[in-house]
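Text of the file entry28.cif, holding mmCIF, C-alpha atoms and all ligand atoms; chains and numbers go by the auth columns:
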data_target
#
loop_
_atom_site.group_PDB
_atom_site.id
_atom_site.type_symbol
_atom_site.label_atom_id
_atom_site.label_comp_id
_atom_site.label_asym_id
_atom_site.label_seq_id
_atom_site.Cartn_x
_atom_site.Cartn_y
_atom_site.Cartn_z
_atom_site.B_iso_or_equiv
_atom_site.auth_seq_id
_atom_site.auth_asym_id
ATOM 1 C CA MET A 1 -9.472 0.131 13.973 0.00 28 A
ATOM 2 C CA GLU A 2 -7.118 -1.630 11.571 0.00 29 A
ATOM 3 C CA ARG A 3 -3.820 -0.611 10.057 0.00 30 A
ATOM 4 C CA THR A 4 -2.585 -1.611 6.602 0.00 31 A
ATOM 5 C CA LEU A 5 0.695 -1.280 4.724 0.00 32 A
ATOM 6 C CA ILE A 6 0.618 0.538 1.397 0.00 33 A
ATOM 7 C CA ILE A 7 3.516 0.779 -1.051 0.00 34 A
ATOM 8 C CA ILE A 8 3.378 3.274 -3.900 0.00 35 A
ATOM 9 C CA LYS A 9 5.487 1.151 -6.243 0.00 36 A
ATOM 10 C CA PRO A 10 8.389 2.309 -8.471 0.00 37 A
ATOM 11 C CA ASP A 11 6.244 2.691 -11.606 0.00 38 A
ATOM 12 C CA ALA A 12 3.805 4.995 -9.823 0.00 39 A
ATOM 13 C CA VAL A 13 6.655 7.093 -8.389 0.00 40 A
ATOM 14 C CA GLN A 14 8.345 7.325 -11.798 0.00 41 A
ATOM 15 C CA ARG A 15 5.051 8.349 -13.401 0.00 42 A
ATOM 16 C CA GLY A 16 4.518 11.205 -10.945 0.00 43 A
ATOM 17 C CA LEU A 17 1.474 9.594 -9.341 0.00 44 A
ATOM 18 C CA ILE A 18 2.496 9.829 -5.656 0.00 45 A
ATOM 19 C CA GLY A 19 0.187 12.759 -4.975 0.00 46 A
ATOM 20 C CA GLU A 20 -2.717 11.294 -6.950 0.00 47 A
ATOM 21 C CA ILE A 21 -2.511 8.007 -5.078 0.00 48 A
ATOM 22 C CA ILE A 22 -2.143 9.541 -1.610 0.00 49 A
ATOM 23 C CA THR A 23 -5.088 11.807 -2.416 0.00 50 A
ATOM 24 C CA ARG A 24 -7.315 8.811 -3.152 0.00 51 A
ATOM 25 C CA PHE A 25 -6.575 7.233 0.227 0.00 52 A
ATOM 26 C CA GLU A 26 -6.972 10.575 2.011 0.00 53 A
ATOM 27 C CA ARG A 27 -10.306 11.230 0.313 0.00 54 A
ATOM 28 C CA ARG A 28 -11.484 7.740 1.243 0.00 55 A
ATOM 29 C CA GLY A 29 -11.047 8.820 4.848 0.00 56 A
ATOM 30 C CA LEU A 30 -8.135 6.620 5.847 0.00 57 A
ATOM 31 C CA ARG A 31 -5.686 8.289 8.230 0.00 58 A
ATOM 32 C CA ILE A 32 -1.940 8.275 7.546 0.00 59 A
ATOM 33 C CA VAL A 33 -0.025 7.112 10.623 0.00 60 A
ATOM 34 C CA GLY A 34 3.364 6.511 8.976 0.00 61 A
ATOM 35 C CA MET A 35 5.054 7.421 5.709 0.00 62 A
ATOM 36 C CA LYS A 36 8.521 7.268 4.182 0.00 63 A
ATOM 37 C CA PHE A 37 10.277 7.651 0.823 0.00 64 A
ATOM 38 C CA MET A 38 12.834 4.869 0.379 0.00 65 A
ATOM 39 C CA ARG A 39 14.512 2.410 -1.930 0.00 66 A
ATOM 40 C CA ILE A 40 13.648 -1.200 -1.069 0.00 67 A
ATOM 41 C CA ASP A 41 16.742 -3.430 -1.121 0.00 68 A
ATOM 42 C CA ARG A 42 16.776 -7.040 -2.239 0.00 69 A
ATOM 43 C CA ALA A 43 16.772 -8.504 1.286 0.00 70 A
ATOM 44 C CA LEU A 44 13.716 -6.481 2.322 0.00 71 A
ATOM 45 C CA ALA A 45 11.935 -7.297 -0.954 0.00 72 A
ATOM 46 C CA GLU A 46 12.525 -11.016 -0.388 0.00 73 A
ATOM 47 C CA LYS A 47 11.032 -10.778 3.107 0.00 74 A
ATOM 48 C CA HIS A 48 8.067 -8.719 1.985 0.00 75 A
ATOM 49 C CA TYR A 49 7.227 -11.053 -0.911 0.00 76 A
ATOM 50 C CA ALA A 50 8.287 -14.331 0.768 0.00 77 A
ATOM 51 C CA GLU A 51 4.884 -15.921 0.039 0.00 78 A
ATOM 52 C CA HIS A 52 5.595 -15.671 -3.706 0.00 79 A
ATOM 53 C CA LYS A 53 9.018 -17.377 -3.647 0.00 80 A
ATOM 54 C CA GLY A 54 9.157 -20.048 -6.354 0.00 81 A
ATOM 55 C CA LYS A 55 6.372 -18.553 -8.485 0.00 82 A
ATOM 56 C CA SER A 56 7.042 -17.737 -12.145 0.00 83 A
ATOM 57 C CA PHE A 57 6.863 -13.977 -11.562 0.00 84 A
ATOM 58 C CA TYR A 58 8.937 -13.924 -8.342 0.00 85 A
ATOM 59 C CA GLU A 59 12.277 -12.779 -9.823 0.00 86 A
ATOM 60 C CA SER A 60 10.685 -10.111 -11.999 0.00 87 A
ATOM 61 C CA LEU A 61 8.641 -8.965 -9.005 0.00 88 A
ATOM 62 C CA LEU A 62 11.827 -8.478 -6.949 0.00 89 A
ATOM 63 C CA ASP A 63 13.468 -6.612 -9.853 0.00 90 A
ATOM 64 C CA TYR A 64 10.378 -4.402 -10.169 0.00 91 A
ATOM 65 C CA ILE A 65 9.957 -3.489 -6.498 0.00 92 A
ATOM 66 C CA THR A 66 13.704 -2.743 -6.055 0.00 93 A
ATOM 67 C CA SER A 67 14.091 -0.870 -9.370 0.00 94 A
ATOM 68 C CA ALA A 68 13.540 2.696 -8.099 0.00 95 A
ATOM 69 C CA PRO A 69 12.301 4.528 -4.982 0.00 96 A
ATOM 70 C CA VAL A 70 8.905 3.887 -3.441 0.00 97 A
ATOM 71 C CA VAL A 71 6.662 5.574 -0.882 0.00 98 A
ATOM 72 C CA VAL A 72 5.621 3.318 1.991 0.00 99 A
ATOM 73 C CA MET A 73 2.650 4.253 4.162 0.00 100 A
ATOM 74 C CA VAL A 74 0.672 2.876 7.058 0.00 101 A
ATOM 75 C CA LEU A 75 -3.014 3.789 6.862 0.00 102 A
ATOM 76 C CA GLU A 76 -5.531 3.450 9.660 0.00 103 A
ATOM 77 C CA GLY A 77 -9.305 3.155 9.802 0.00 104 A
ATOM 78 C CA PRO A 78 -12.181 0.750 10.317 0.00 105 A
ATOM 79 C CA ASN A 79 -11.675 -2.214 7.935 0.00 106 A
ATOM 80 C CA ALA A 80 -8.577 -0.428 6.606 0.00 107 A
ATOM 81 C CA VAL A 81 -7.152 -3.597 4.995 0.00 108 A
ATOM 82 C CA GLN A 82 -10.184 -4.345 2.806 0.00 109 A
ATOM 83 C CA ILE A 83 -11.057 -0.717 2.173 0.00 110 A
ATOM 84 C CA ALA A 84 -7.536 0.002 0.902 0.00 111 A
ATOM 85 C CA ARG A 85 -7.637 -3.143 -1.284 0.00 112 A
ATOM 86 C CA ASN A 86 -10.907 -1.929 -2.811 0.00 113 A
ATOM 87 C CA THR A 87 -9.463 1.527 -3.486 0.00 114 A
ATOM 88 C CA ILE A 88 -6.407 -0.143 -5.099 0.00 115 A
ATOM 89 C CA GLY A 89 -8.400 -2.578 -7.264 0.00 116 A
ATOM 90 C CA ALA A 90 -7.815 -6.168 -8.399 0.00 117 A
ATOM 91 C CA THR A 91 -4.249 -7.482 -8.792 0.00 118 A
ATOM 92 C CA LYS A 92 -4.558 -7.651 -12.576 0.00 119 A
ATOM 93 C CA PRO A 93 -5.350 -4.189 -13.980 0.00 120 A
ATOM 94 C CA VAL A 94 -7.421 -5.845 -16.725 0.00 121 A
ATOM 95 C CA GLU A 95 -9.782 -7.028 -13.970 0.00 122 A
ATOM 96 C CA ALA A 96 -9.594 -3.904 -11.797 0.00 123 A
ATOM 97 C CA ALA A 97 -12.773 -1.850 -11.606 0.00 124 A
ATOM 98 C CA ALA A 98 -12.748 1.538 -13.271 0.00 125 A
ATOM 99 C CA GLY A 99 -12.413 4.100 -10.503 0.00 126 A
ATOM 100 C CA SER A 100 -9.859 2.018 -8.615 0.00 127 A
ATOM 101 C CA ILE A 101 -6.192 3.028 -8.777 0.00 128 A
ATOM 102 C CA ARG A 102 -5.193 0.014 -10.883 0.00 129 A
ATOM 103 C CA GLY A 103 -8.376 0.353 -12.955 0.00 130 A
ATOM 104 C CA ASP A 104 -7.629 3.981 -13.727 0.00 131 A
ATOM 105 C CA PHE A 105 -3.844 3.922 -14.213 0.00 132 A
ATOM 106 C CA GLY A 106 -2.704 0.347 -14.897 0.00 133 A
ATOM 107 C CA LEU A 107 -2.482 -2.034 -17.845 0.00 134 A
ATOM 108 C CA GLU A 108 -0.238 -4.889 -16.744 0.00 135 A
ATOM 109 C CA THR A 109 0.032 -6.997 -13.578 0.00 136 A
ATOM 110 C CA GLY A 110 3.785 -6.453 -13.319 0.00 137 A
ATOM 111 C CA ARG A 111 3.246 -2.654 -13.300 0.00 138 A
ATOM 112 C CA ASN A 112 0.239 -2.386 -11.048 0.00 139 A
ATOM 113 C CA LEU A 113 1.275 0.743 -9.156 0.00 140 A
ATOM 114 C CA VAL A 114 0.368 0.001 -5.549 0.00 141 A
ATOM 115 C CA HIS A 115 0.672 -2.673 -2.862 0.00 142 A
ATOM 116 C CA GLY A 116 -1.845 -3.124 -0.062 0.00 143 A
ATOM 117 C CA SER A 117 -1.760 -5.797 2.653 0.00 144 A
ATOM 118 C CA ASP A 118 -4.210 -8.641 1.983 0.00 145 A
ATOM 119 C CA SER A 119 -5.224 -9.464 5.588 0.00 146 A
ATOM 120 C CA LEU A 120 -4.840 -8.165 9.112 0.00 147 A
ATOM 121 C CA ALA A 121 -2.128 -10.760 9.796 0.00 148 A
ATOM 122 C CA SER A 122 -0.239 -9.709 6.651 0.00 149 A
ATOM 123 C CA SER A 123 -0.559 -6.057 7.583 0.00 150 A
ATOM 124 C CA GLN A 124 0.985 -6.656 11.000 0.00 151 A
ATOM 125 C CA ARG A 125 3.869 -8.631 9.500 0.00 152 A
ATOM 126 C CA GLU A 126 4.477 -6.085 6.726 0.00 153 A
ATOM 127 C CA ILE A 127 4.216 -2.987 8.920 0.00 154 A
ATOM 128 C CA ALA A 128 6.894 -4.462 11.210 0.00 155 A
ATOM 129 C CA LEU A 129 9.181 -4.987 8.200 0.00 156 A
ATOM 130 C CA PHE A 130 9.037 -1.351 7.147 0.00 157 A
ATOM 131 C CA PHE A 131 8.449 0.705 10.303 0.00 158 A
ATOM 132 C CA ALA A 132 9.810 0.883 13.823 0.00 159 A
ATOM 133 C CA ALA A 133 7.096 1.396 16.436 0.00 160 A
ATOM 134 C CA GLU A 134 8.231 4.984 17.111 0.00 161 A
ATOM 135 C CA GLU A 135 7.795 5.880 13.426 0.00 162 A
ATOM 136 C CA LEU A 136 4.037 5.344 13.652 0.00 163 A
ATOM 137 C CA ILE A 137 2.057 8.294 14.982 0.00 164 A
ATOM 138 C CA SER A 138 -1.250 7.809 16.788 0.00 165 A
ATOM 139 C CA TRP A 139 -3.342 10.920 16.302 0.00 166 A
ATOM 140 C CA THR A 140 -6.851 12.124 15.551 0.00 167 A
ATOM 141 C CA ARG A 141 -8.001 14.644 12.962 0.00 168 A
ATOM 142 C CA ASP A 142 -10.526 17.343 13.757 0.00 169 A
ATOM 143 C CA VAL A 143 -12.572 16.050 10.827 0.00 170 A
ATOM 144 C CA ASP A 144 -12.683 12.491 12.188 0.00 171 A
ATOM 145 C CA ARG A 145 -16.134 12.981 13.742 0.00 172 A
ATOM 146 C CA TRP A 146 -17.470 13.624 10.216 0.00 173 A
ATOM 147 C CA ILE A 147 -15.829 10.464 8.830 0.00 174 A
ATOM 148 C CA LEU A 148 -16.170 8.014 11.726 0.00 175 A
ATOM 149 C CA GLU A 149 -19.377 7.241 13.619 0.00 176 A
ATOM 150 C CA LYS A 150 -17.421 7.158 16.857 0.00 177 A
ATOM 151 C CA VAL A 151 -14.041 8.833 17.460 0.00 178 A
ATOM 152 C CA GLU A 152 -11.885 6.880 19.899 0.00 179 A
HETATM 153 P P1 LIG B . -1.564 -8.114 -4.752 0.00 201 B
HETATM 154 O O1 LIG B . -0.469 -7.100 -4.908 0.00 201 B
HETATM 155 O O2 LIG B . -2.843 -7.659 -5.399 0.00 201 B
HETATM 156 O O3 LIG B . -1.764 -8.565 -3.332 0.00 201 B
HETATM 157 P P2 LIG B . -0.275 -10.697 -5.225 0.00 201 B
HETATM 158 O O4 LIG B . -0.943 -11.888 -5.802 0.00 201 B
HETATM 159 O O5 LIG B . 0.055 -10.706 -3.769 0.00 201 B
HETATM 160 O O6 LIG B . -1.142 -9.412 -5.612 0.00 201 B
HETATM 161 O O7 LIG B . 1.067 -10.489 -6.057 0.00 201 B
HETATM 162 C C1 LIG B . 2.036 -9.563 -5.616 0.00 201 B
HETATM 163 C C2 LIG B . 2.512 -8.746 -6.777 0.00 201 B
HETATM 164 O O8 LIG B . 3.217 -9.596 -7.693 0.00 201 B
HETATM 165 C C3 LIG B . 1.397 -8.118 -7.632 0.00 201 B
HETATM 166 O O9 LIG B . 0.914 -6.910 -7.104 0.00 201 B
HETATM 167 C C4 LIG B . 2.125 -7.908 -8.946 0.00 201 B
HETATM 168 O O10 LIG B . 2.968 -6.759 -8.887 0.00 201 B
HETATM 169 C C5 LIG B . 3.004 -9.149 -9.019 0.00 201 B
HETATM 170 N N1 LIG B . 2.366 -10.218 -9.774 0.00 201 B
HETATM 171 C C6 LIG B . 1.421 -11.095 -9.325 0.00 201 B
HETATM 172 N N2 LIG B . 1.053 -11.947 -10.288 0.00 201 B
HETATM 173 C C7 LIG B . 1.778 -11.611 -11.370 0.00 201 B
HETATM 174 C C8 LIG B . 1.843 -12.124 -12.711 0.00 201 B
HETATM 175 O O11 LIG B . 1.155 -13.069 -13.083 0.00 201 B
HETATM 176 N N3 LIG B . 2.724 -11.495 -13.557 0.00 201 B
HETATM 177 C C9 LIG B . 3.514 -10.458 -13.174 0.00 201 B
HETATM 178 N N4 LIG B . 3.475 -9.946 -11.925 0.00 201 B
HETATM 179 C C10 LIG B . 2.624 -10.516 -11.044 0.00 201 B
HETATM 180 MG MG MG B . -0.470 -9.604 -2.087 0.00 202 B
#
Reformat the file's structure so that it appears as structure tokens.
Amino acid sequence: MERTLIIIKPDAVQRGLIGEIITRFERRGLRIVGMKFMRIDRALAEKHYAEHKGKSFYESLLDYITSAPVVVMVLEGPNAVQIARNTIGATKPVEAAAGSIRGDFGLETGRNLVHGSDSLASSQREIALFFAAEELISWTRDVDRWILEKVE
């Protein structure tokens, strides 16, 4: 089982797409183990996007992610990191497959609606930035045996 950090970014929240986006992850079969509605401040944004410091889009990225409230989620499942990335689609909406979130709702890279961790190591680092351990709920769904080959 893996966990991954998802952010429904300010543009998606402003456009009323919270429900649509959560629905796509739920339908995929991923299990929500943490979720909060919040405004990301500058300090947290800098930590979250530290790998991009110095890049041409860094300042506009910080402005974007701090511009309005977001929904932050931790999703769990086998291969959750890669499966969530596939459901989200490629970074640039112009390259995102139709049927992915960015491929269905996005046009520009700086308004690409959703964040998903890019590796297991990133997910662990990012989850710790946004959630305290006690905010993450370990649970099973009655339907899990119809989604997972083996329920732990
Ligand atoms: P990812 O979100 O698909 O992992 P990253 O390369 O990690 O993509 O970039 C982080 C975020 O920075 C992107 O989701 C996007 O919002 C923004 N970004 C990346 N490249 C560009 C760009 O060339 N122009 C504007 N924004 C960008
Ligand atoms: Mg990334």
Report, in Å to a single decimal, how far apart CA of Arg58 (chain A) and CA of Phe158 (chain A) are.
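Atom-to-atom, CA of Phe158 (chain A) to CA of Arg58 (chain A), that is 16.2 Å.
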Using all atoms listed in the file, which residues have at least one atom no more than 9 Å from ligand LIG 201 (chain B)? Output them as number ranges by chain.
A: 36, 76, 78-79, 82-85, 87-89, 91-92, 112, 115-119, 135-145
Pick from A:Val99, A:Leu163, A:Leu57, A:Ile34, whichever lies nearest to ligand MG 202 (chain B) using only C-alpha atoms and all ligand atoms
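Under the stated criterion, the closest residue is A:Ile34.
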Nearest to ligand MG 202 (chain B): which of A:Asp38, A:Glu153, A:Glu122, A:Glu53 is it, counting only C-alpha atoms and all ligand atoms?
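With only C-alpha atoms and all ligand atoms as the atom set, the closest residue is A:Glu153.
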Pick from A:Val98, A:Glu179, A:Phe132, A:Lys63 nearest to Pro120 (chain A), counting all atoms listed in the file:
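Selected residue with least distance to Pro120 (chain A): A:Phe132.
Our summary of the geometry notes that CA of Val40 (chain A) is positioned 25.0 Å from CA of Lys80 (chain A).
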So how many Å separate CA of Leu134 (chain A) and CA of Arg51 (chain A), to one decimal?
18.9 Å
Quick one: which residues end up in the PyMOL selection byres (((chain A and resi 166-177) around 8) and not hetatm) for this structure, as a PyMOL selection string?
chain A and resi 56+60+164-165+178-179
Now that the selection is made, can you save its residues with C-alpha atoms as an mmCIF file, in the coordinates of the input?
data_model
loop_
_atom_site.group_PDB
_atom_site.id
_atom_site.type_symbol
_atom_site.label_atom_id
_atom_site.label_comp_id
_atom_site.auth_asym_id
_atom_site.auth_seq_id
_atom_site.Cartn_x
_atom_site.Cartn_y
_atom_site.Cartn_z
ATOM 1 C CA GLY A 56 -11.047 8.820 4.848
ATOM 2 C CA VAL A 60 -0.025 7.112 10.623
ATOM 3 C CA ILE A 164 2.057 8.294 14.982
ATOM 4 C CA SER A 165 -1.250 7.809 16.788
ATOM 5 C CA VAL A 178 -14.041 8.833 17.460
ATOM 6 C CA GLU A 179 -11.885 6.880 19.899
#
Of the listed residues A:Asp68, A:Ser150, A:Ala39, A:Ala159, that which approaches ligand MG 202 (chain B) most closely, counting all atoms listed in the file:
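Of the candidates, the smallest distance to ligand MG 202 (chain B) is held by A:Ser150.
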Contacts of Ala148 (chain A) within 12 Å, only C-alpha atoms, excl. fewer than 5 positions in-chain, as an mmCIF file with C-alpha atoms, in the coordinates of the input:
data_model
loop_
_atom_site.group_PDB
_atom_site.id
_atom_site.type_symbol
_atom_site.label_atom_id
_atom_site.label_comp_id
_atom_site.auth_asym_id
_atom_site.auth_seq_id
_atom_site.Cartn_x
_atom_site.Cartn_y
_atom_site.Cartn_z
ATOM 1 C CA GLU A 29 -7.118 -1.630 11.571
ATOM 2 C CA ARG A 30 -3.820 -0.611 10.057
ATOM 3 C CA THR A 31 -2.585 -1.611 6.602
ATOM 4 C CA LEU A 32 0.695 -1.280 4.724
ATOM 5 C CA VAL A 108 -7.152 -3.597 4.995
ATOM 6 C CA GLU A 153 4.477 -6.085 6.726
ATOM 7 C CA ILE A 154 4.216 -2.987 8.920
ATOM 8 C CA ALA A 155 6.894 -4.462 11.210
#
Under the rule that all atoms listed in the file are counted, which of A:Ala77, A:Val101, A:Met65, A:Leu156 is the nearest residue to Pro37 (chain A)?
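Of all the options, A:Met65 lies closest to Pro37 (chain A).
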Which of A:Leu147, A:Ile110, A:Leu71, A:Gly104 sits closest to Met28 (chain A) [using all atoms listed in the file]:
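Counting all atoms listed in the file, the residue closest to Met28 (chain A) is A:Gly104.
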Put the listed atoms of region 101-114 of chain A in a box along x, y and z with 8 Å added on every side and give me the centre and edge lengths in Å to one decimal, as lines of an AutoDock Vina configuration file.
center_x = -5.8
center_y = -0.3
center_z = 3.4
size_x = 28.9
size_y = 24.1
size_z = 29.8
All residues 10 Å or closer to Thr114 (chain A), all atoms listed in the file, same chain fewer than 6 positions away omitted, as number ranges by chain:
A: 48, 51-52, 55, 123-124, 126-130, 143
Neighbours of Met100 (chain A) within 6 Å (only C-alpha atoms; same-chain residues fewer than 4 positions away dropped), as JSON, numbers by chain?
{"A": [32, 33, 61, 62]}
